[in-house]
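One file, input-v9.txt, is given below (compact mmCIF, C-alpha atoms).
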# COMPACT_ATOMS: atom_id res chain seq x y z
CA MET A 10 -18.30 2.77 46.55
CA GLY A 11 -17.39 -0.64 45.14
CA ARG A 12 -19.30 -3.77 44.39
CA ARG A 13 -20.28 -6.10 47.14
CA PRO A 14 -18.20 -9.31 46.99
CA ARG A 15 -19.97 -12.45 45.80
CA ASP A 16 -21.04 -15.00 48.35
CA GLN A 17 -18.76 -17.86 47.28
CA GLU A 18 -20.46 -20.38 49.56
CA ALA A 19 -23.90 -19.54 48.15
CA ASP A 20 -22.53 -19.96 44.61
CA ARG A 21 -20.98 -23.32 45.52
CA SER A 22 -24.23 -24.47 47.12
CA ALA A 23 -26.22 -23.48 44.02
CA ILE A 24 -23.82 -25.33 41.72
CA GLN A 25 -23.81 -28.45 43.90
CA ALA A 26 -27.60 -28.48 44.19
CA ALA A 27 -27.93 -28.08 40.41
CA ALA A 28 -25.49 -30.94 39.83
CA ASP A 29 -27.40 -33.17 42.22
CA ARG A 30 -30.72 -32.37 40.50
CA LEU A 31 -29.31 -33.09 37.04
CA LEU A 32 -27.73 -36.35 38.15
CA ALA A 33 -30.97 -37.41 39.83
CA GLY A 34 -32.96 -36.54 36.69
CA THR A 35 -35.04 -33.85 38.40
CA PRO A 36 -33.93 -30.54 36.85
CA LEU A 37 -35.80 -27.31 37.54
CA ARG A 38 -34.44 -25.13 34.72
CA SER A 39 -32.73 -27.45 32.24
CA GLN A 40 -34.96 -28.54 29.38
CA SER A 41 -32.89 -31.51 28.24
CA GLY A 42 -31.45 -32.73 31.54
CA ARG A 43 -28.23 -33.68 29.77
CA LEU A 44 -25.19 -34.10 31.95
CA THR A 45 -23.08 -31.34 30.42
CA ALA A 46 -21.36 -28.28 31.85
CA SER A 47 -23.68 -26.05 29.80
CA GLU A 48 -26.74 -27.68 31.34
CA LEU A 49 -25.16 -27.34 34.78
CA ILE A 50 -24.80 -23.60 34.16
CA THR A 51 -28.41 -23.37 33.03
CA GLU A 52 -29.62 -25.39 35.99
CA CYS A 53 -27.79 -23.40 38.66
CA ASP A 54 -28.85 -20.07 37.09
CA LEU A 55 -25.44 -18.46 37.51
CA ARG A 56 -23.27 -16.78 34.91
CA ARG A 57 -20.79 -19.03 33.11
CA ASP A 58 -17.76 -17.18 34.50
CA ILE A 59 -19.05 -17.60 38.05
CA VAL A 60 -19.55 -21.34 37.61
CA TYR A 61 -16.10 -21.84 36.07
CA ARG A 62 -14.48 -20.17 39.09
CA HIS A 63 -15.43 -23.39 40.88
CA THR A 64 -13.63 -25.78 38.57
CA ASP A 65 -13.53 -28.49 41.22
CA LEU A 66 -17.34 -28.66 41.27
CA VAL A 67 -17.59 -28.64 37.48
CA GLN A 68 -15.00 -31.40 37.18
CA ASP A 69 -16.71 -33.45 39.89
CA PHE A 70 -20.05 -33.09 38.08
CA GLN A 71 -18.48 -34.12 34.77
CA ALA A 72 -16.85 -37.16 36.37
CA ARG A 73 -20.08 -38.20 38.07
CA GLY A 74 -21.96 -37.71 34.81
CA LYS A 75 -19.43 -39.78 32.89
CA ALA A 76 -19.69 -42.52 35.51
CA GLN A 77 -23.45 -42.47 35.11
CA ASP A 78 -22.73 -42.78 31.37
CA SER A 79 -26.10 -41.64 30.05
CA THR A 80 -28.99 -39.26 30.38
CA PRO A 81 -30.75 -40.02 33.66
CA THR A 82 -33.57 -42.53 33.37
CA ALA A 83 -36.09 -39.98 34.62
CA MET A 84 -35.25 -37.68 31.67
CA GLN A 85 -35.14 -40.31 28.93
CA GLY A 86 -37.98 -40.08 26.47
CA LYS A 87 -38.72 -36.42 27.21
CA CYS A 88 -38.82 -34.03 24.28
CA LEU A 89 -35.64 -32.07 23.72

Could you spell out this file's structure in structure tokens?
Amino acid sequence: MGRRPRDQEADRSAIQAAADRLLAGTPLRSQSGRLTASELITECDLRRDIVYRHTDLVQDFQARGKAQDSTPTAMQGKCL
């Protein structure tokens, strides 16, 4: 009896939703709201190795974060 395969689409959806929340400045799990890969991992509540299997989503998040060029306005001034 082996392990059940991971639901790749559910993982992708969780990562994308976490990225959208961080970029909007409305995180559920991240304390700092910073636009980093580590905060993305915290926000989506998946293991690091699972998140990095979806490098396209991580790279897209990093590019969008760099384009935003700062901590989201909604998170500025909050205690780190």

### Query
Separation of CA of Ala72 (chain A) and CA of Leu44 (chain A), in Å?
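Atom-to-atom, CA of Ala72 (chain A) and CA of Leu44 (chain A) are spaced 9.9 Å apart.
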
### Query
Skipping near chain neighbours, those fewer than 3 positions away, what residues fall within 10 Å of Val67 (chain A) using only C-alpha atoms, listed as a list in words?
Ile24, Gln25, Ala28, Thr45, Ala46, Leu49, Ile50, Val60, Tyr61, Arg62, His63, Thr64, Phe70, Gln71, Ala72 and Arg73 of chain A

### Message
Between CA of Ala33 (chain A) and CA of Asp69 (chain A), what is the distance in Å, rounded to a tenth?
### Response
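It comes out at 14.8 Å.
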
### Task
Have a look at CA of Ile59 (chain A) and CA of Arg21 (chain A) and let me know their distance in Å, one decimal.
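About the pair CA of Ile59 (chain A) and CA of Arg21 (chain A): they are 9.6 Å apart.
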
### Message
Using all atoms listed in the file, can you tell me which of A:Asp20, A:Asp29, A:Ser41, A:Gln77 comes closest to Arg57 (chain A)?
### Response
A:Asp20

### Task
Pick out the closest residue to Arg38 (chain A) from this set: A:Glu52, A:Glu18, A:Asp58, A:Asp65. Count all atoms listed in the file.
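Nearest candidate to Arg38 (chain A) out of A:Glu52, A:Glu18, A:Asp58, A:Asp65: A:Glu52.
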
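Among the candidates A:Gln68, A:Thr51, A:Gly11, A:Gln17, the one nearest to Arg30 (chain A) when counting all atoms listed in the file is A:Thr51.
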